[in-house]
Amino acid sequence: MQCISLLTDFGLQDNFVGVMKAVILKINPRVEIVDLCHQVKPQDIFEAAFLLKGSFRYFPKGTVHLVVVDPGVGSKRKKIVVKTRDYYFVAPDNGVLCPALADEQIQKIIEITNEKYFLKPLSHTFHGRDIFAPVASHLSLGKRIEVFGKRLNSIRQLDLPTARRMKDKLTGEVIYIDRFGNLITNINEDEFRDFVANSNFKIYIAGKELNKISRSYQEAEKNRPLAIFGSFGNLEISVREANARQFLSADKGTPIQIVKK
Amino acid sequence: MQCISLLTDFGLQDNFVGVMKAVILKINPRVEIVDLCHQVKPQDIFEAAFLLKGSFRYFPKGTVHLVVVDPGVGSKRKKIVVKTRDYYFVAPDNGVLCPALADEQIQKIIEITNEKYFLKPLSHTFHGRDIFAPVASHLSLGKRIEVFGKRLNSIRQLDLPTARRMKDKLTGEVIYIDRFGNLITNINEDEFRDFVANSNFKIYIAGKELNKISRSYQEAEKNRPLAIFGSFGNLEISVREANARQFLSADKGTPIQIVKK
Amino acid sequence: MQCISLLTDFGLQDNFVGVMKAVILKINPRVEIVDLCHQVKPQDIFEAAFLLKGSFRYFPKGTVHLVVVDPGVGSKRKKIVVKTRDYYFVAPDNGVLCPALADEQIQKIIEITNEKYFLKPLSHTFHGRDIFAPVASHLSLGKRIEVFGKRLNSIRQLDLPTARRMKDKLTGEVIYIDRFGNLITNINEDEFRDFVANSNFKIYIAGKELNKISRSYQEAEKNRPLAIFGSFGNLEISVREANARQFLSADKGTPIQIVKK
């Protein structure tokens, strides 16, 4: 069975997601639709890009990843389909696909221009419903990517903030905070281990100092911050059975430093 | 594959929606269930009616639209199934279906009375689980509508507030506000164009004055309100990359006036 | 079609639930996944246990109930699969299954130890994705429960607070509050009727006094609290078309007393 994943900033309080699914099922009644996430902060392309990058590979091969975080809806921003070896991606060309595709081999990029696949009348404010959903659904039916428009050579770039390595310091920042208040930084496990090697180290964040990596939340005392490699593969700061965001008064952008001793 | 859409005010914080789906799948394991929306304001029949009206036609033909916004649960309010050419509707008879059905040809209305299709024991507080879900699921299996009860001639009426047209003025109000803070009014595009024709016009809302219709959010400057025909087909007031509700301190019921110049 | 229910404290703001579904569908593309609830209060095993107990029997026979409320993730807490006559349960062994299984005949308990079924690399913080989801999905494919590990004789116990009956008094407490603000107590209908028999009674909660059980919300006047047997089969305190939690300033743990007259 074919699968379409949905990643949007539509939230669930309105009918937007439900209507997109209706449009998809009207075209392909047998497709499996999976909500990846709809609570992306309104128009936050970076957050959507981060979530997509950390999620898309868990889906079955052949999944169509449909991303609608689209502050430029109705303007001249392009709409694209990208084919990699294992997946399709359908999205506005605003950079949201860029981090996910950084390590993928792109096989083809198509600008969506063929109005035959659009809903009519076409709204100016909801291309998720009128363009992206029908294109994704037709893709899931096995339609060839070329039918949707003309070939492009590149997609718009977007760089998530990366960690910076100096001689004796590795610096990064909090780039995502989850429901539990865990602070996900942009320092990934490989970078960290490569930098630290066999040295002792200290981690500085929000006025606190940590000197080890925990292997589970339970290793720490209650109400004490801990550092752990989390499910995104990045260094996270957590507080056992509590909310690190609140505990440390941290937020997206809060800096973190690793220093060798 | 048969489809059931769900529109409720149950929210997602409890197990109510999950249990309704369980009941549906126990009867018809192959049906496709689509969440249209569950965040209707508790017991707000008007909001549910507005969302249903703006959504139901996007679903595949044959879809069973199941609506449970039911302040009268357990009382003598009727429970009904309505058949139109393309869809079935299952809901309490409290007017919630009325706006959606206004332009549809109703083929049959049945009052749900046949307890054979109810879950036992029947609760007094959750007919969504015990009556509406099983009826919708049996419908999705192809059961004839007549088996659920006796024929009715009419459903309860409910009028969404409509725009009023005077000689040189068209007045309406905000009837829905979406996640992004866009103010959806009850003035639809046809009414607006018919009234304005080729004249110049001014739009007054919340102390602001607008004199054109934008074709995309991007046409406006940041932090300036704009008027646009939105995805419901109605006139909406938005602020580019911001929240118009907050920006204009507007709410449901806020009046809007169109004046010809 | 096989069904997997999901009950977690992951919320919907992140990609956690979406990624678990991806993992499940990659293994069994034909399984039907139902969200039972994801808004369990973070790490609140009692709340999850209460919701599971009140929901699992509505699902089709053969459903795999996957519960991930797991404050001990990454520690030495066990991970288990339980088989009853009609269902499978997959969860951390922290007591969350205990109330649901109290009246069920357990056929087999297996500790999940077979790493063959784990995702690699195995994270320390997201066993929902890396262990529980793949195990549930393999179960839904018909894999025998024994393949996942070694047999256990018992699961960890957890007792939800129960009502206490004295000579002329039945006392309980609010154990759950739903979206509408209804106060669900731990006094079930049988206990109540058995205690009250044919006597008159008074119900005391939050400084209010009630002397009857309503059969519907509509029986009460607006803005007056009422007592009703709700959809969990327990005594609930509600306010017609209003929020009893706010109206009575009640919360989880608020005591309730039934006194015979």
# chains A, B, ... in the order shown; residues from 1 in each chain; ligands from 1

$ residues_around --residues "Phe195 (chain A)" --least-positions-apart "3" --cutoff "9 Å" --atoms "only C-alpha atoms" --output "list of chain:residue names"
A:Arg165, A:Asp168, A:Lys169, A:Leu170, A:Asp190, A:Glu191, A:Phe192, A:Ser199, A:Ile258, A:Lys260

$ write_last_selection --atoms "all heavy atoms" --output "PDB file, in the first residue's frame"
ATOM      1  N   ARG A 165      33.062  24.474  15.417  1.00  0.00           N
ATOM      2  CA  ARG A 165      34.157  23.873  16.177  1.00  0.00           C
ATOM      3  C   ARG A 165      35.389  24.747  16.139  1.00  0.00           C
ATOM      4  O   ARG A 165      35.875  25.110  15.073  1.00  0.00           O
ATOM      5  CB  ARG A 165      34.473  22.511  15.562  1.00  0.00           C
ATOM      6  CG  ARG A 165      35.595  21.812  16.267  1.00  0.00           C
ATOM      7  CD  ARG A 165      35.724  20.401  15.768  1.00  0.00           C
ATOM      8  NE  ARG A 165      36.878  19.756  16.343  1.00  0.00           N
ATOM      9  CZ  ARG A 165      37.135  18.474  16.204  1.00  0.00           C
ATOM     10  NH1 ARG A 165      36.312  17.705  15.479  1.00  0.00           N
ATOM     11  NH2 ARG A 165      38.209  17.942  16.750  1.00  0.00           N
ATOM     12  N   ASP A 168      39.519  24.505  21.081  1.00  0.00           N
ATOM     13  CA  ASP A 168      39.192  23.824  22.335  1.00  0.00           C
ATOM     14  C   ASP A 168      37.739  24.024  22.748  1.00  0.00           C
ATOM     15  O   ASP A 168      37.395  23.921  23.920  1.00  0.00           O
ATOM     16  CB  ASP A 168      40.105  24.328  23.459  1.00  0.00           C
ATOM     17  CG  ASP A 168      40.021  25.840  23.555  1.00  0.00           C
ATOM     18  OD1 ASP A 168      39.262  26.447  22.743  1.00  0.00           O
ATOM     19  OD2 ASP A 168      40.675  26.418  24.438  1.00  0.00           O
ATOM     20  N   LYS A 169      36.889  24.327  21.776  1.00  0.00           N
ATOM     21  CA  LYS A 169      35.512  24.663  22.098  1.00  0.00           C
ATOM     22  C   LYS A 169      34.614  24.214  20.952  1.00  0.00           C
ATOM     23  O   LYS A 169      34.969  24.365  19.779  1.00  0.00           O
ATOM     24  CB  LYS A 169      35.412  26.194  22.271  1.00  0.00           C
ATOM     25  CG  LYS A 169      34.335  26.640  23.183  1.00  0.00           C
ATOM     26  CD  LYS A 169      34.545  28.075  23.657  1.00  0.00           C
ATOM     27  CE  LYS A 169      34.460  29.076  22.509  1.00  0.00           C
ATOM     28  NZ  LYS A 169      34.448  30.477  23.029  1.00  0.00           N
ATOM     29  N   LEU A 170      33.470  23.646  21.304  1.00  0.00           N
ATOM     30  CA  LEU A 170      32.459  23.312  20.313  1.00  0.00           C
ATOM     31  C   LEU A 170      31.197  24.054  20.735  1.00  0.00           C
ATOM     32  O   LEU A 170      30.726  23.872  21.862  1.00  0.00           O
ATOM     33  CB  LEU A 170      32.223  21.798  20.299  1.00  0.00           C
ATOM     34  CG  LEU A 170      31.211  21.225  19.317  1.00  0.00           C
ATOM     35  CD1 LEU A 170      31.641  21.455  17.871  1.00  0.00           C
ATOM     36  CD2 LEU A 170      31.026  19.731  19.575  1.00  0.00           C
ATOM     37  N   ASP A 190      28.168  12.451  16.421  1.00  0.00           N
ATOM     38  CA  ASP A 190      29.472  12.299  15.757  1.00  0.00           C
ATOM     39  C   ASP A 190      30.366  13.509  15.997  1.00  0.00           C
ATOM     40  O   ASP A 190      31.547  13.363  16.329  1.00  0.00           O
ATOM     41  CB  ASP A 190      29.275  12.109  14.250  1.00  0.00           C
ATOM     42  CG  ASP A 190      28.738  10.724  13.945  1.00  0.00           C
ATOM     43  OD1 ASP A 190      28.787   9.843  14.831  1.00  0.00           O
ATOM     44  OD2 ASP A 190      28.247  10.524  12.818  1.00  0.00           O
ATOM     45  N   GLU A 191      29.811  14.709  15.798  1.00  0.00           N
ATOM     46  CA  GLU A 191      30.570  15.933  16.037  1.00  0.00           C
ATOM     47  C   GLU A 191      31.103  15.970  17.470  1.00  0.00           C
ATOM     48  O   GLU A 191      32.266  16.324  17.709  1.00  0.00           O
ATOM     49  CB  GLU A 191      29.674  17.169  15.840  1.00  0.00           C
ATOM     50  CG  GLU A 191      29.368  17.513  14.404  1.00  0.00           C
ATOM     51  CD  GLU A 191      28.317  18.634  14.322  1.00  0.00           C
ATOM     52  OE1 GLU A 191      27.313  18.582  15.076  1.00  0.00           O
ATOM     53  OE2 GLU A 191      28.504  19.531  13.478  1.00  0.00           O
ATOM     54  N   PHE A 192      30.231  15.634  18.384  1.00  0.00           N
ATOM     55  CA  PHE A 192      30.604  15.681  19.793  1.00  0.00           C
ATOM     56  C   PHE A 192      31.749  14.718  20.096  1.00  0.00           C
ATOM     57  O   PHE A 192      32.774  15.079  20.672  1.00  0.00           O
ATOM     58  CB  PHE A 192      29.394  15.355  20.677  1.00  0.00           C
ATOM     59  CG  PHE A 192      29.691  15.379  22.139  1.00  0.00           C
ATOM     60  CD1 PHE A 192      29.566  16.553  22.867  1.00  0.00           C
ATOM     61  CD2 PHE A 192      30.136  14.226  22.797  1.00  0.00           C
ATOM     62  CE1 PHE A 192      29.857  16.571  24.230  1.00  0.00           C
ATOM     63  CE2 PHE A 192      30.428  14.252  24.150  1.00  0.00           C
ATOM     64  CZ  PHE A 192      30.290  15.428  24.870  1.00  0.00           C
ATOM     65  N   SER A 199      39.185  13.122  25.886  1.00  0.00           N
ATOM     66  CA  SER A 199      39.397  14.149  26.915  1.00  0.00           C
ATOM     67  C   SER A 199      38.239  14.204  27.908  1.00  0.00           C
ATOM     68  O   SER A 199      37.144  13.725  27.641  1.00  0.00           O
ATOM     69  CB  SER A 199      39.508  15.528  26.257  1.00  0.00           C
ATOM     70  OG  SER A 199      40.386  15.492  25.169  1.00  0.00           O
ATOM     71  N   ILE A 258      30.691  23.282  24.529  1.00  0.00           N
ATOM     72  CA  ILE A 258      31.435  22.136  25.043  1.00  0.00           C
ATOM     73  C   ILE A 258      32.905  22.560  25.109  1.00  0.00           C
ATOM     74  O   ILE A 258      33.455  23.033  24.116  1.00  0.00           O
ATOM     75  CB  ILE A 258      31.334  20.904  24.102  1.00  0.00           C
ATOM     76  CG1 ILE A 258      29.942  20.788  23.472  1.00  0.00           C
ATOM     77  CG2 ILE A 258      31.783  19.633  24.808  1.00  0.00           C
ATOM     78  CD1 ILE A 258      28.843  20.473  24.406  1.00  0.00           C
ATOM     79  N   LYS A 260      36.865  21.386  26.238  1.00  0.00           N
ATOM     80  CA  LYS A 260      37.750  20.299  26.676  1.00  0.00           C
ATOM     81  C   LYS A 260      38.575  20.758  27.864  1.00  0.00           C
ATOM     82  O   LYS A 260      38.983  21.908  27.948  1.00  0.00           O
ATOM     83  CB  LYS A 260      38.682  19.873  25.534  1.00  0.00           C
ATOM     84  CG  LYS A 260      38.063  18.804  24.663  1.00  0.00           C
ATOM     85  CD  LYS A 260      39.073  18.157  23.757  1.00  0.00           C
ATOM     86  CE  LYS A 260      39.375  19.094  22.581  1.00  0.00           C
ATOM     87  NZ  LYS A 260      39.925  18.338  21.431  1.00  0.00           N
TER      88      LYS A 260
END

$ residues_around --residues "Val90 (chain B)" --least-positions-apart "3" --cutoff "8 Å" --atoms "only C-alpha atoms" --output "PyMOL selection string"
chain B and resi 64-67+79-82+132+135-136

$ write_last_selection --atoms "N, CA, C and O atoms" --output "compact mmCIF listing (two decimals), in the first residue's frame"
# COMPACT_ATOMS: atom_id res chain seq x y z
N VAL B 64 -19.63 8.82 4.41
CA VAL B 64 -20.58 9.03 5.50
C VAL B 64 -20.00 10.13 6.40
O VAL B 64 -18.95 9.94 7.00
N HIS B 65 -20.68 11.26 6.46
CA HIS B 65 -20.22 12.36 7.31
C HIS B 65 -20.88 12.23 8.68
O HIS B 65 -22.09 12.35 8.80
N LEU B 66 -20.04 11.99 9.67
CA LEU B 66 -20.52 11.74 11.03
C LEU B 66 -20.20 12.97 11.87
O LEU B 66 -19.04 13.33 12.04
N VAL B 67 -21.24 13.64 12.37
CA VAL B 67 -21.07 14.89 13.10
C VAL B 67 -21.60 14.70 14.52
O VAL B 67 -22.78 14.38 14.71
N LYS B 79 -32.11 11.84 16.56
CA LYS B 79 -30.85 11.46 15.92
C LYS B 79 -31.21 11.07 14.49
O LYS B 79 -32.16 10.31 14.29
N ILE B 80 -30.46 11.57 13.53
CA ILE B 80 -30.91 11.38 12.15
C ILE B 80 -29.80 10.89 11.21
O ILE B 80 -28.60 11.07 11.47
N VAL B 81 -30.27 10.26 10.13
CA VAL B 81 -29.42 9.99 8.98
C VAL B 81 -30.06 10.69 7.80
O VAL B 81 -31.27 10.60 7.61
N VAL B 82 -29.24 11.39 7.01
CA VAL B 82 -29.74 12.05 5.80
C VAL B 82 -28.97 11.52 4.61
O VAL B 82 -27.74 11.38 4.66
N PHE B 132 -24.20 6.90 17.19
CA PHE B 132 -23.80 7.48 15.90
C PHE B 132 -22.68 6.69 15.22
O PHE B 132 -22.72 6.46 14.01
N VAL B 135 -24.04 3.34 13.75
CA VAL B 135 -24.91 3.60 12.59
C VAL B 135 -24.07 4.00 11.38
O VAL B 135 -24.27 3.49 10.27
N ALA B 136 -23.13 4.91 11.59
CA ALA B 136 -22.27 5.33 10.46
C ALA B 136 -21.51 4.15 9.89
O ALA B 136 -21.36 4.00 8.67

$ interface_residues --of "chain B" --to "chain A" --cutoff "7 Å" --atoms "only C-alpha atoms" --output "ChimeraX atom specification"
/B:1,34-37,39,51,55,58-60,178-180,215-216,218,230-231,241

$ write_last_selection --atoms "N, CA, C and O atoms" --output "short mmCIF file (atom, residue, chain, number, x, y, z; two decimals), in the first residue's frame"
data_model
loop_
_atom_site.label_atom_id
_atom_site.label_comp_id
_atom_site.auth_asym_id
_atom_site.auth_seq_id
_atom_site.Cartn_x
_atom_site.Cartn_y
_atom_site.Cartn_z
N MET B 1 -12.77 2.03 -1.63
CA MET B 1 -12.88 1.90 -0.17
C MET B 1 -13.85 2.95 0.38
O MET B 1 -13.82 4.09 -0.06
N VAL B 34 -11.59 9.51 8.37
CA VAL B 34 -10.86 10.76 8.23
C VAL B 34 -11.34 11.74 9.30
O VAL B 34 -12.53 12.02 9.41
N ASP B 35 -10.40 12.27 10.07
CA ASP B 35 -10.72 13.32 11.03
C ASP B 35 -10.92 14.63 10.28
O ASP B 35 -9.95 15.20 9.78
N LEU B 36 -12.16 15.08 10.20
CA LEU B 36 -12.37 16.39 9.59
C LEU B 36 -11.94 17.47 10.56
O LEU B 36 -11.14 18.35 10.25
N CYS B 37 -12.44 17.40 11.78
CA CYS B 37 -12.00 18.31 12.84
C CYS B 37 -12.62 17.85 14.15
O CYS B 37 -13.77 17.41 14.18
N GLN B 39 -11.82 19.87 17.04
CA GLN B 39 -11.59 21.00 17.94
C GLN B 39 -12.69 22.03 17.86
O GLN B 39 -12.47 23.22 18.19
N LEU B 51 -18.04 24.57 9.46
CA LEU B 51 -16.94 23.72 8.99
C LEU B 51 -17.45 22.60 8.08
O LEU B 51 -16.82 22.28 7.06
N SER B 55 -16.58 21.88 3.89
CA SER B 55 -15.67 20.73 3.75
C SER B 55 -16.27 19.52 3.05
O SER B 55 -15.55 18.79 2.36
N TYR B 58 -15.49 18.01 -0.55
CA TYR B 58 -14.15 17.56 -0.95
C TYR B 58 -13.96 16.05 -0.79
O TYR B 58 -13.00 15.49 -1.29
N PHE B 59 -14.88 15.42 -0.11
CA PHE B 59 -14.73 13.98 0.18
C PHE B 59 -15.22 13.12 -0.98
O PHE B 59 -16.05 13.56 -1.79
N PRO B 60 -14.73 11.89 -1.04
CA PRO B 60 -15.18 10.97 -2.10
C PRO B 60 -16.70 10.76 -2.02
O PRO B 60 -17.28 10.79 -0.93
N ASP B 178 -9.33 31.25 11.98
CA ASP B 178 -8.55 30.02 11.88
C ASP B 178 -7.28 30.10 12.73
O ASP B 178 -7.01 31.09 13.41
N ARG B 179 -6.50 29.02 12.69
CA ARG B 179 -5.29 28.93 13.51
C ARG B 179 -4.34 30.10 13.32
O ARG B 179 -3.61 30.49 14.22
N PHE B 180 -4.31 30.61 12.08
CA PHE B 180 -3.36 31.66 11.76
C PHE B 180 -3.87 33.04 12.18
O PHE B 180 -3.18 34.03 12.03
N ARG B 215 -4.61 39.49 -4.07
CA ARG B 215 -4.67 38.16 -4.67
C ARG B 215 -3.73 37.18 -3.97
O ARG B 215 -3.75 35.99 -4.23
N SER B 216 -2.87 37.70 -3.10
CA SER B 216 -2.04 36.81 -2.27
C SER B 216 -1.59 37.58 -1.04
O SER B 216 -1.61 38.82 -1.03
N GLN B 218 1.31 37.90 -0.06
CA GLN B 218 2.57 38.55 -0.36
C GLN B 218 2.39 39.92 -1.00
O GLN B 218 3.33 40.71 -1.04
N GLY B 230 -10.67 33.84 0.61
CA GLY B 230 -9.95 32.70 1.19
C GLY B 230 -10.51 31.37 0.73
O GLY B 230 -11.33 31.30 -0.19
N SER B 231 -10.04 30.33 1.38
CA SER B 231 -10.32 28.98 0.92
C SER B 231 -11.75 28.52 1.20
O SER B 231 -12.20 27.52 0.67
N GLU B 241 2.06 37.34 7.30
CA GLU B 241 2.98 36.76 8.28
C GLU B 241 2.69 37.20 9.71
O GLU B 241 3.60 37.31 10.53
#

$ residues_around --residues "Asn234 (chain C)" --least-positions-apart "6" --cutoff "7 Å" --atoms "only C-alpha atoms" --output "PyMOL selection string"
chain C and resi 184-189

$ write_last_selection --atoms "N, CA, C and O atoms" --output "short mmCIF file (atom, residue, chain, number, x, y, z; two decimals), in the first residue's frame"
data_model
loop_
_atom_site.label_atom_id
_atom_site.label_comp_id
_atom_site.auth_asym_id
_atom_site.auth_seq_id
_atom_site.Cartn_x
_atom_site.Cartn_y
_atom_site.Cartn_z
N ILE C 184 -14.89 13.05 36.43
CA ILE C 184 -15.14 11.61 36.49
C ILE C 184 -14.58 11.09 37.80
O ILE C 184 -13.39 11.24 38.09
N THR C 185 -15.44 10.48 38.61
CA THR C 185 -15.00 9.96 39.91
C THR C 185 -14.67 8.48 39.78
O THR C 185 -14.93 7.85 38.76
N ASN C 186 -14.12 7.94 40.86
CA ASN C 186 -13.81 6.51 40.87
C ASN C 186 -14.92 5.67 41.51
O ASN C 186 -14.68 4.55 41.94
N ILE C 187 -16.13 6.23 41.56
CA ILE C 187 -17.28 5.46 42.06
C ILE C 187 -18.05 4.94 40.86
O ILE C 187 -18.59 5.73 40.08
N ASN C 188 -18.07 3.61 40.70
CA ASN C 188 -18.79 3.13 39.53
C ASN C 188 -20.25 2.85 39.84
O ASN C 188 -20.68 2.84 40.99
N GLU C 189 -21.02 2.66 38.78
CA GLU C 189 -22.47 2.58 38.93
C GLU C 189 -22.89 1.43 39.85
O GLU C 189 -23.77 1.60 40.70
#

$ atom_distance --atom1 "CA of Tyr117 (chain C)" --atom2 "CA of Ala91 (chain C)"
14.9 Å

$ atom_distance --atom1 "CA of Gly253 (chain B)" --atom2 "CA of Val69 (chain B)"
20.9 Å

$ select_by_dssp --residues "region 120-197 of chain A" --states "alpha helix (DSSP H)" --output "list of chain:residue names"
A:His127, A:Ala133, A:Pro134, A:Val135, A:Ala136, A:Ser137, A:His138, A:Leu139, A:Ser140, A:Glu189, A:Asp190, A:Glu191, A:Phe192, A:Arg193, A:Asp194, A:Phe195, A:Val196

$ write_last_selection --atoms "N, CA, C and O atoms" --output "PDB file, in the first residue's frame"
ATOM      1  N   HIS A 127      -3.083  26.331  -1.249  1.00  0.00           N
ATOM      2  CA  HIS A 127      -2.518  25.443  -2.270  1.00  0.00           C
ATOM      3  C   HIS A 127      -2.297  24.035  -1.718  1.00  0.00           C
ATOM      4  O   HIS A 127      -2.153  23.095  -2.482  1.00  0.00           O
ATOM      5  N   ALA A 133      -2.002  18.623  -2.435  1.00  0.00           N
ATOM      6  CA  ALA A 133      -2.680  17.357  -2.114  1.00  0.00           C
ATOM      7  C   ALA A 133      -2.992  16.558  -3.378  1.00  0.00           C
ATOM      8  O   ALA A 133      -2.689  15.359  -3.443  1.00  0.00           O
ATOM      9  N   PRO A 134      -3.594  17.179  -4.396  1.00  0.00           N
ATOM     10  CA  PRO A 134      -3.857  16.367  -5.595  1.00  0.00           C
ATOM     11  C   PRO A 134      -2.583  15.844  -6.264  1.00  0.00           C
ATOM     12  O   PRO A 134      -2.557  14.699  -6.720  1.00  0.00           O
ATOM     13  N   VAL A 135      -1.531  16.657  -6.294  1.00  0.00           N
ATOM     14  CA  VAL A 135      -0.279  16.180  -6.907  1.00  0.00           C
ATOM     15  C   VAL A 135       0.273  14.989  -6.126  1.00  0.00           C
ATOM     16  O   VAL A 135       0.648  13.954  -6.699  1.00  0.00           O
ATOM     17  N   ALA A 136       0.280  15.100  -4.798  1.00  0.00           N
ATOM     18  CA  ALA A 136       0.788  13.990  -3.990  1.00  0.00           C
ATOM     19  C   ALA A 136      -0.047  12.736  -4.214  1.00  0.00           C
ATOM     20  O   ALA A 136       0.483  11.621  -4.309  1.00  0.00           O
ATOM     21  N   SER A 137      -1.346  12.900  -4.308  1.00  0.00           N
ATOM     22  CA  SER A 137      -2.210  11.742  -4.469  1.00  0.00           C
ATOM     23  C   SER A 137      -2.005  11.094  -5.842  1.00  0.00           C
ATOM     24  O   SER A 137      -1.946   9.871  -5.956  1.00  0.00           O
ATOM     25  N   HIS A 138      -1.889  11.914  -6.870  1.00  0.00           N
ATOM     26  CA  HIS A 138      -1.610  11.343  -8.199  1.00  0.00           C
ATOM     27  C   HIS A 138      -0.260  10.618  -8.216  1.00  0.00           C
ATOM     28  O   HIS A 138      -0.125   9.559  -8.819  1.00  0.00           O
ATOM     29  N   LEU A 139       0.728  11.180  -7.533  1.00  0.00           N
ATOM     30  CA  LEU A 139       2.026  10.498  -7.414  1.00  0.00           C
ATOM     31  C   LEU A 139       1.855   9.131  -6.756  1.00  0.00           C
ATOM     32  O   LEU A 139       2.442   8.135  -7.180  1.00  0.00           O
ATOM     33  N   SER A 140       1.035   9.101  -5.717  1.00  0.00           N
ATOM     34  CA  SER A 140       0.838   7.838  -4.984  1.00  0.00           C
ATOM     35  C   SER A 140       0.141   6.794  -5.850  1.00  0.00           C
ATOM     36  O   SER A 140       0.202   5.604  -5.564  1.00  0.00           O
ATOM     37  N   GLU A 189      25.858  13.608  17.587  1.00  0.00           N
ATOM     38  CA  GLU A 189      26.719  12.706  18.359  1.00  0.00           C
ATOM     39  C   GLU A 189      28.103  12.553  17.733  1.00  0.00           C
ATOM     40  O   GLU A 189      29.114  12.558  18.443  1.00  0.00           O
ATOM     41  N   ASP A 190      28.168  12.451  16.421  1.00  0.00           N
ATOM     42  CA  ASP A 190      29.472  12.299  15.757  1.00  0.00           C
ATOM     43  C   ASP A 190      30.366  13.509  15.997  1.00  0.00           C
ATOM     44  O   ASP A 190      31.547  13.363  16.329  1.00  0.00           O
ATOM     45  N   GLU A 191      29.811  14.709  15.798  1.00  0.00           N
ATOM     46  CA  GLU A 191      30.570  15.933  16.037  1.00  0.00           C
ATOM     47  C   GLU A 191      31.103  15.970  17.470  1.00  0.00           C
ATOM     48  O   GLU A 191      32.266  16.324  17.709  1.00  0.00           O
ATOM     49  N   PHE A 192      30.231  15.634  18.384  1.00  0.00           N
ATOM     50  CA  PHE A 192      30.604  15.681  19.793  1.00  0.00           C
ATOM     51  C   PHE A 192      31.749  14.718  20.096  1.00  0.00           C
ATOM     52  O   PHE A 192      32.774  15.079  20.672  1.00  0.00           O
ATOM     53  N   ARG A 193      31.584  13.475  19.654  1.00  0.00           N
ATOM     54  CA  ARG A 193      32.592  12.452  19.972  1.00  0.00           C
ATOM     55  C   ARG A 193      33.917  12.747  19.279  1.00  0.00           C
ATOM     56  O   ARG A 193      34.991  12.537  19.832  1.00  0.00           O
ATOM     57  N   ASP A 194      33.829  13.248  18.070  1.00  0.00           N
ATOM     58  CA  ASP A 194      35.034  13.588  17.327  1.00  0.00           C
ATOM     59  C   ASP A 194      35.793  14.718  18.038  1.00  0.00           C
ATOM     60  O   ASP A 194      37.017  14.693  18.153  1.00  0.00           O
ATOM     61  N   PHE A 195      35.049  15.697  18.530  1.00  0.00           N
ATOM     62  CA  PHE A 195      35.667  16.824  19.220  1.00  0.00           C
ATOM     63  C   PHE A 195      36.250  16.400  20.572  1.00  0.00           C
ATOM     64  O   PHE A 195      37.394  16.694  20.906  1.00  0.00           O
ATOM     65  N   VAL A 196      35.463  15.685  21.346  1.00  0.00           N
ATOM     66  CA  VAL A 196      35.870  15.364  22.715  1.00  0.00           C
ATOM     67  C   VAL A 196      36.940  14.276  22.758  1.00  0.00           C
ATOM     68  O   VAL A 196      37.861  14.318  23.565  1.00  0.00           O
TER      69      VAL A 196
END

$ residues_around --residues "Glu111 (chain A)" --least-positions-apart "2" --cutoff "8 Å" --atoms "only C-alpha atoms" --output "VMD selection string"
chain A and resid 78 to 81 109 113 148 to 152

$ select_by_dssp --residues "region 20-114 of chain A" --states "strand (DSSP E or B)" --output "PyMOL selection string"
chain A and resi 32-37+64-68+79-84+88-92+106-112

$ residues_around --residues "Ile237 (chain A)" --least-positions-apart "3" --cutoff "8 Å" --atoms "only C-alpha atoms" --output "PyMOL selection string"
chain A and resi 182-185+225-228+244

$ atom_distance --atom1 "CA of Pro92 (chain A)" --atom2 "CA of Thr162 (chain A)"
23.5 Å

$ residues_around --residues "Leu248 (chain B)" --least-positions-apart "2" --cutoff "12 Å" --atoms "only C-alpha atoms" --output "list in words"
Gly181, Asn182, Leu183, Tyr204, Ile205, Ala206, Gly207, Lys208, Glu209, Asn223, Arg224, Pro225, Leu226, Ile237, Ser238, Val239, Ala242, Asn243, Ala244, Arg245, Gln246, Ala250, Asp251 and Thr254 of chain B

$ write_last_selection --atoms "C-alpha atoms" --output "short mmCIF file (atom, residue, chain, number, x, y, z; two decimals), in the first residue's frame"
data_model
loop_
_atom_site.label_atom_id
_atom_site.label_comp_id
_atom_site.auth_asym_id
_atom_site.auth_seq_id
_atom_site.Cartn_x
_atom_site.Cartn_y
_atom_site.Cartn_z
CA GLY B 181 -5.71 34.34 13.07
CA ASN B 182 -7.31 34.98 9.67
CA LEU B 183 -10.75 36.53 10.07
CA TYR B 204 -14.20 48.88 7.14
CA ILE B 205 -13.31 46.49 9.92
CA ALA B 206 -12.09 47.03 13.47
CA GLY B 207 -11.28 50.69 12.85
CA LYS B 208 -9.25 49.97 9.73
CA GLU B 209 -9.99 50.88 6.16
CA ASN B 223 2.06 44.25 9.42
CA ARG B 224 -0.66 45.75 7.24
CA PRO B 225 -4.12 44.18 7.06
CA LEU B 226 -5.33 42.92 3.72
CA ILE B 237 -9.08 39.79 6.59
CA SER B 238 -5.47 38.79 7.16
CA VAL B 239 -2.16 40.29 8.10
CA ALA B 242 1.02 37.80 11.37
CA ASN B 243 -2.20 37.12 13.24
CA ALA B 244 -5.09 39.37 12.20
CA ARG B 245 -7.18 38.47 15.23
CA GLN B 246 -4.51 39.82 17.53
CA ALA B 250 -11.09 41.29 16.40
CA ASP B 251 -13.19 38.31 17.31
CA THR B 254 -16.76 41.70 14.73
#
